[in-house]
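Below: one structure, written as structure tokens.
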Amino acid sequence: MDESKKTLYSAVQPTNNLTIGNYLGAIKNWVALQENYNCFFAIADMHAITVRQTPAELRQKTLSLAALYIACGVNPEKCTLYVQSHVSAHARLCWVLNTFAYVGEMERMTQFKDKSAKHADNINMGLMDYPVLMAADILLYQAEVVPVGHDQKQHLEIARDIARRFNNAYSPTFTVPEGVFMKVGAKIGDLLDPTKKMSKSAENAGGSIFLSDDKDTVIRKFKRAVTDSGSEIKYDPENKAGVSNLLSIYSLFTNKSVAEAEREFSGRGYGEFKLAVGEAVADKLAPLQKEQARLLADKEYLNGVLKVGAENASRTADRTLNKVHKKIGFYQI
Ligand code: TYM
């Protein structure tokens with residue numbers, strides 16, 4: 001680990017099919033950031049089980065997500081890529097941090113409320129504890145920087161509060177992390193209801209572009225994307241949520257600025273615009289899917305990456321956990 005670099009932490013849950021929201025809001029940014037930070041990228045399978053999963057699917061999606069990270073450009077030679085449940089320190093720190101988190105604040109979390117409504121038959125303790133486990137993830141690695149989408153802002157605030165509470169109760173132990181949110185891309189909207197975030201678990205799959213979608217599906221979904229009244233292709237999230245969302249997606253997939261994209265489509269119709277966005281996205285997804293499939297066929301390589309990742313992660317995480325155990329007075333032999 002390069003001590004002169006700051007530490008960065010992020011994770012994605014291996015649930016459902018990932019969308020371009022997950023890619024643009026999180027993974028795509030990791031690739032650029034990995035050059036300048038000591039990065040830890042996890043597959044958050046412990047978070048995933050807060051909603052009931054089919055075991056065989058969870059296993060398959062975990063490996064598939066590891067392949068996807070690498071296919072997207074996460075370089076396991078440069079960063080630590082691992083599965084959360086392989087590092088026991090996460091569960092152990094989570095337990096300690098639970099005593100620094102309050103039931104009332106957990107009940108007020110937007111995601112807890114949303115997921116409780118959606119899974120009313122299974123409002124388990126893990127669902128409520130989700131943000132504390134996330135705090136444990138981040139704090140174990142003393143991460144300074146956490147690049148996530150906008151929907152994780154509240155959870156990041158809780159992680160910061162918990163870190164400060166612990167530091168104040170004992171002595172400085174945890175680095176207080178900062179969230180990094182992209183100006184464009186931190187909140188990719190649903191194509192059919194752009195004021196809502198695009199989600200892996202949306203009821204209508206027509207509003208989400210999955211990273212596994214083929215070209216025809218991508219084009220069809222973009223063709224049906226809602227735009228706004230008027231005909232101007234202009235970035236104005238307040239009044240033109242649909243068009244602005246499409247401009248954000250186009251800009252991020254083509255690495256052009258939003259202003260450049262506006263100029264490119266000035267005077268052109270919505271139909272032509274939507275087709276161009278669909279093509280830009282599909283053209284980027286195809287090689288990514290091919291590379292993911294190639295990696296998935298080499299399970300031995302992926303297992304090797306995850307094994308080394310878990311060892312590296314454990315080394316750092318155990319250091320923090322030991323410190324915490326000493327401070328709170330757990331007897332040491
Ligand atoms: P998950 O799997 O729900 O989401 C993974 C990442 O994708 C981002 N995201 C979006 N960004 C922009 N637009 C969207 N429509 C969109 N939808 C999702 C999320 O903000 C997230 O960055 N709880 C985390 C996983 C996690 C984690 C952590 C993250 C577990 N431990 C520690 C950071 C640090 C989550 O939401 O995963």
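To be explicit about the labels: the chains of the structure tokens are called A, B, and onward in the order shown, and within each one the residues are counted from 1, while ligands get numbers from 1 in the order they are shown.
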
### Query
Could you name the residues that touch Gly269 (chain A) at 10 Å or less, counting only C-alpha atoms, but leaving out those on the same chain fewer than 5 positions away, as a ChimeraX atom specification?
/A:231-233,274

Residues within 10 Å of Met182 (chain A), only C-alpha atoms, excluding chain neighbours under 2 positions, as a ChimeraX atom specification: /A:24-26,29,147-150,179-180,184-187

Dump all heavy atoms for the selected residues as a tab-separated table (two decimals), in the first residue's frame?
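Now in out_29.tsv:
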chain	number	residue	atom	x	y	z
A	24	LEU	N	-22.69	4.50	-13.76
A	24	LEU	CA	-22.33	5.92	-13.88
A	24	LEU	C	-22.16	6.59	-12.52
A	24	LEU	O	-21.32	7.46	-12.35
A	24	LEU	CB	-23.40	6.66	-14.70
A	24	LEU	CG	-23.60	6.16	-16.13
A	24	LEU	CD1	-24.72	6.94	-16.81
A	24	LEU	CD2	-22.31	6.28	-16.94
A	25	GLY	N	-23.00	6.17	-11.55
A	25	GLY	CA	-22.94	6.80	-10.23
A	25	GLY	C	-21.76	6.30	-9.41
A	25	GLY	O	-21.28	6.99	-8.51
A	26	ALA	N	-21.29	5.10	-9.69
A	26	ALA	CA	-20.24	4.52	-8.84
A	26	ALA	C	-19.07	3.96	-9.66
A	26	ALA	O	-18.02	4.59	-9.77
A	26	ALA	CB	-20.85	3.45	-7.93
A	29	ASN	N	-16.59	5.83	-11.98
A	29	ASN	CA	-15.71	6.79	-11.32
A	29	ASN	C	-14.55	6.13	-10.60
A	29	ASN	O	-13.47	6.69	-10.47
A	29	ASN	CB	-16.51	7.62	-10.32
A	29	ASN	CG	-17.75	8.18	-10.97
A	29	ASN	OD1	-17.67	8.76	-12.04
A	29	ASN	ND2	-18.90	7.99	-10.34
A	147	PRO	N	-16.74	7.28	-2.93
A	147	PRO	CA	-17.53	7.68	-4.11
A	147	PRO	C	-18.79	6.82	-4.24
A	147	PRO	O	-18.70	5.61	-4.42
A	147	PRO	CB	-16.58	7.44	-5.28
A	147	PRO	CG	-15.63	6.38	-4.80
A	147	PRO	CD	-15.59	6.44	-3.29
A	148	VAL	N	-19.94	7.45	-4.11
A	148	VAL	CA	-21.22	6.74	-4.21
A	148	VAL	C	-22.24	7.62	-4.93
A	148	VAL	O	-21.99	8.81	-5.14
A	148	VAL	CB	-21.81	6.38	-2.82
A	148	VAL	CG1	-21.18	5.13	-2.24
A	148	VAL	CG2	-21.68	7.54	-1.85
A	149	GLY	N	-23.37	7.04	-5.27
A	149	GLY	CA	-24.45	7.81	-5.85
A	149	GLY	C	-25.18	8.60	-4.77
A	149	GLY	O	-24.99	8.37	-3.57
A	150	HIS	N	-26.02	9.50	-5.21
A	150	HIS	CA	-26.72	10.42	-4.32
A	150	HIS	C	-27.58	9.70	-3.28
A	150	HIS	O	-27.71	10.15	-2.15
A	150	HIS	CB	-27.59	11.34	-5.19
A	150	HIS	CG	-28.03	12.54	-4.47
A	150	HIS	ND1	-29.22	12.59	-3.78
A	150	HIS	CD2	-27.43	13.74	-4.28
A	150	HIS	CE1	-29.34	13.76	-3.21
A	150	HIS	NE2	-28.27	14.48	-3.49
A	179	GLY	N	-17.99	11.85	1.47
A	179	GLY	CA	-18.64	11.29	0.28
A	179	GLY	C	-18.18	12.03	-0.96
A	179	GLY	O	-17.91	13.23	-0.89
A	180	VAL	N	-18.06	11.33	-2.05
A	180	VAL	CA	-17.75	11.99	-3.33
A	180	VAL	C	-18.91	11.70	-4.26
A	180	VAL	O	-19.21	10.54	-4.55
A	180	VAL	CB	-16.45	11.43	-3.95
A	180	VAL	CG1	-16.23	12.00	-5.33
A	180	VAL	CG2	-15.27	11.75	-3.06
A	184	VAL	N	-22.58	15.32	-12.47
A	184	VAL	CA	-23.51	14.66	-13.38
A	184	VAL	C	-23.32	13.17	-13.14
A	184	VAL	O	-22.21	12.69	-13.11
A	184	VAL	CB	-23.13	14.98	-14.85
A	184	VAL	CG1	-24.03	14.23	-15.82
A	184	VAL	CG2	-23.19	16.47	-15.10
A	185	GLY	N	-24.42	12.45	-12.91
A	185	GLY	CA	-24.27	11.00	-12.78
A	185	GLY	C	-24.57	10.45	-11.40
A	185	GLY	O	-24.80	9.27	-11.25
A	186	ALA	N	-24.59	11.34	-10.38
A	186	ALA	CA	-24.84	10.83	-9.03
A	186	ALA	C	-26.28	10.39	-8.86
A	186	ALA	O	-26.61	9.66	-7.94
A	186	ALA	CB	-24.48	11.88	-7.99
A	187	LYS	N	-27.14	10.87	-9.76
A	187	LYS	CA	-28.53	10.42	-9.66
A	187	LYS	C	-29.11	10.24	-11.06
A	187	LYS	O	-29.71	11.15	-11.63
A	187	LYS	CB	-29.35	11.44	-8.86
A	187	LYS	CG	-30.71	10.87	-8.51
A	187	LYS	CD	-31.53	11.80	-7.66
A	187	LYS	CE	-32.90	11.18	-7.44
A	187	LYS	NZ	-33.88	12.14	-7.00

query = Running DSSP on the backbone, which parts of region 168-329 of chain A land in alpha helix (DSSP H), as an MDAnalysis selection string?
reply = chainID A and resid 168:169 215:223 241:254 258:265 270:296 299:328

Could you list, as number ranges by chain, all protein and nucleic acid residues with an atom at most 7 Å from ligand 1, counting only C-alpha atoms and all ligand atoms? A: 9-15, 21-26, 44, 47, 134-135, 137-138, 146-152, 185-189, 197-199

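For region 77-156 of chain A, backbone-based DSSP assignment of strand (DSSP E) covers Thr80, Leu81, Tyr82, Val83, Val145, Val146 and Pro147 of chain A.
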
With N, CA and C atoms retained, could you export that selection as a tab-separated table (two decimals), in the first residue's frame?
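Output saved as result.tsv:
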chain	number	residue	atom	x	y	z
A	80	THR	N	-7.67	-3.25	-4.04
A	80	THR	CA	-8.09	-4.45	-3.33
A	80	THR	C	-9.56	-4.72	-3.64
A	81	LEU	N	-9.79	-5.83	-4.30
A	81	LEU	CA	-11.15	-6.20	-4.72
A	81	LEU	C	-11.51	-7.46	-3.93
A	82	TYR	N	-12.57	-7.40	-3.15
A	82	TYR	CA	-12.87	-8.55	-2.29
A	82	TYR	C	-14.36	-8.65	-1.97
A	83	VAL	N	-14.72	-9.79	-1.39
A	83	VAL	CA	-16.11	-10.03	-1.00
A	83	VAL	C	-16.24	-9.74	0.51
A	145	VAL	N	-12.22	8.85	1.49
A	145	VAL	CA	-13.05	9.19	0.35
A	145	VAL	C	-13.97	8.02	0.00
A	146	VAL	N	-15.26	8.33	-0.21
A	146	VAL	CA	-16.24	7.28	-0.53
A	146	VAL	C	-17.09	7.73	-1.73
A	147	PRO	N	-16.74	7.28	-2.93
A	147	PRO	CA	-17.53	7.68	-4.11
A	147	PRO	C	-18.79	6.82	-4.24

So, with only C-alpha atoms as the atoms that count, which of A:Asp213, A:Tyr250, A:Thr175, A:His155 lies closest to Leu18 (chain A)?
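Looking only at the distances to Leu18 (chain A), the closest residue turns out to be A:Asp213.
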
From CA of Phe166 (chain A) to CA of Ile328 (chain A) the spacing works out at 9.7 Å

Can you tell me, as a PDB file with N, CA and C atoms, in the first residue's frame, what residues are no more than 10 Å from Gln332 (chain A) when counting only C-alpha atoms, ignoring any on the same chain fewer than 4 positions away?
ATOM      1  N   ASN A 322      -8.603  -4.333  16.025  1.00  0.00           N
ATOM      2  CA  ASN A 322      -7.822  -4.537  17.261  1.00  0.00           C
ATOM      3  C   ASN A 322      -7.767  -3.265  18.080  1.00  0.00           C
ATOM      4  N   HIS A 325     -11.091  -2.765  19.745  1.00  0.00           N
ATOM      5  CA  HIS A 325     -11.301  -3.688  20.863  1.00  0.00           C
ATOM      6  C   HIS A 325     -10.513  -3.244  22.099  1.00  0.00           C
ATOM      7  N   LYS A 326      -9.304  -2.771  21.873  1.00  0.00           N
ATOM      8  CA  LYS A 326      -8.488  -2.290  23.002  1.00  0.00           C
ATOM      9  C   LYS A 326      -9.170  -1.094  23.651  1.00  0.00           C
TER      10      LYS A 326
END

Residue neighbourhood region 66-78 of chain A, 6 Å, only C-alpha atoms, exclusion window fewer than 5 positions, as a PDB file with N, CA and C atoms, in the first residue's frame:
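What follows is the written file part-v9.pdb:
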ATOM      1  N   VAL A  31     -12.782   3.778 -11.586  1.00  0.00           N
ATOM      2  CA  VAL A  31     -11.699   3.461 -12.514  1.00  0.00           C
ATOM      3  C   VAL A  31     -10.720   4.632 -12.615  1.00  0.00           C
ATOM      4  N   LEU A 288     -18.113  -4.377 -22.876  1.00  0.00           N
ATOM      5  CA  LEU A 288     -18.085  -4.633 -21.430  1.00  0.00           C
ATOM      6  C   LEU A 288     -18.677  -6.009 -21.104  1.00  0.00           C
ATOM      7  N   GLU A 291     -16.294  -8.790 -22.240  1.00  0.00           N
ATOM      8  CA  GLU A 291     -15.163  -8.951 -21.325  1.00  0.00           C
ATOM      9  C   GLU A 291     -15.622  -9.617 -20.018  1.00  0.00           C
ATOM     10  N   GLN A 292     -16.800  -9.258 -19.561  1.00  0.00           N
ATOM     11  CA  GLN A 292     -17.313  -9.889 -18.335  1.00  0.00           C
ATOM     12  C   GLN A 292     -17.490 -11.398 -18.554  1.00  0.00           C
ATOM     13  N   LEU A 295     -14.148 -13.162 -18.568  1.00  0.00           N
ATOM     14  CA  LEU A 295     -13.607 -13.306 -17.208  1.00  0.00           C
ATOM     15  C   LEU A 295     -14.357 -14.373 -16.421  1.00  0.00           C
ATOM     16  N   LEU A 296     -15.669 -14.403 -16.610  1.00  0.00           N
ATOM     17  CA  LEU A 296     -16.487 -15.369 -15.865  1.00  0.00           C
ATOM     18  C   LEU A 296     -16.142 -16.810 -16.223  1.00  0.00           C
TER      19      LEU A 296
END

Query raised in the report: Interatomic distance between CA of Asp2 (chain A) and CA of Trp30 (chain A)?
Result: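 Computing the Euclidean distance for CA of Asp2 (chain A) and CA of Trp30 (chain A) yields 17.3 Å.
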
Discussion item. Residues near Val176 (chain A), anyone? I mean within 9 Å using only C-alpha atoms, not counting same-chain ones fewer than 4 positions away, as a PyMOL selection string.
Written reply: chain A and resi 139+142-144+159-164

| task | Write out as a ChimeraX atom specification each polymer residue whose atoms come within 10 Å of Lys240 (chain A), counting only C-alpha atoms; drop sequence neighbours fewer than 4 positions from it. | result | /A:194-195,227-230,232-236,244-245

ask   = Hey, which of A:Tyr102, A:Tyr170, A:Phe40, A:Phe112 ends up closest to Val324 (chain A)? Count only C-alpha atoms.
value =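 Among the listed residues, the smallest separation from Val324 (chain A) belongs to A:Tyr170.
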
Could you work out how far CA of Asn38 (chain A) lies from CA of Met1 (chain A), giving the answer in Å with one decimal?
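These two atoms are separated by 6.7 Å.
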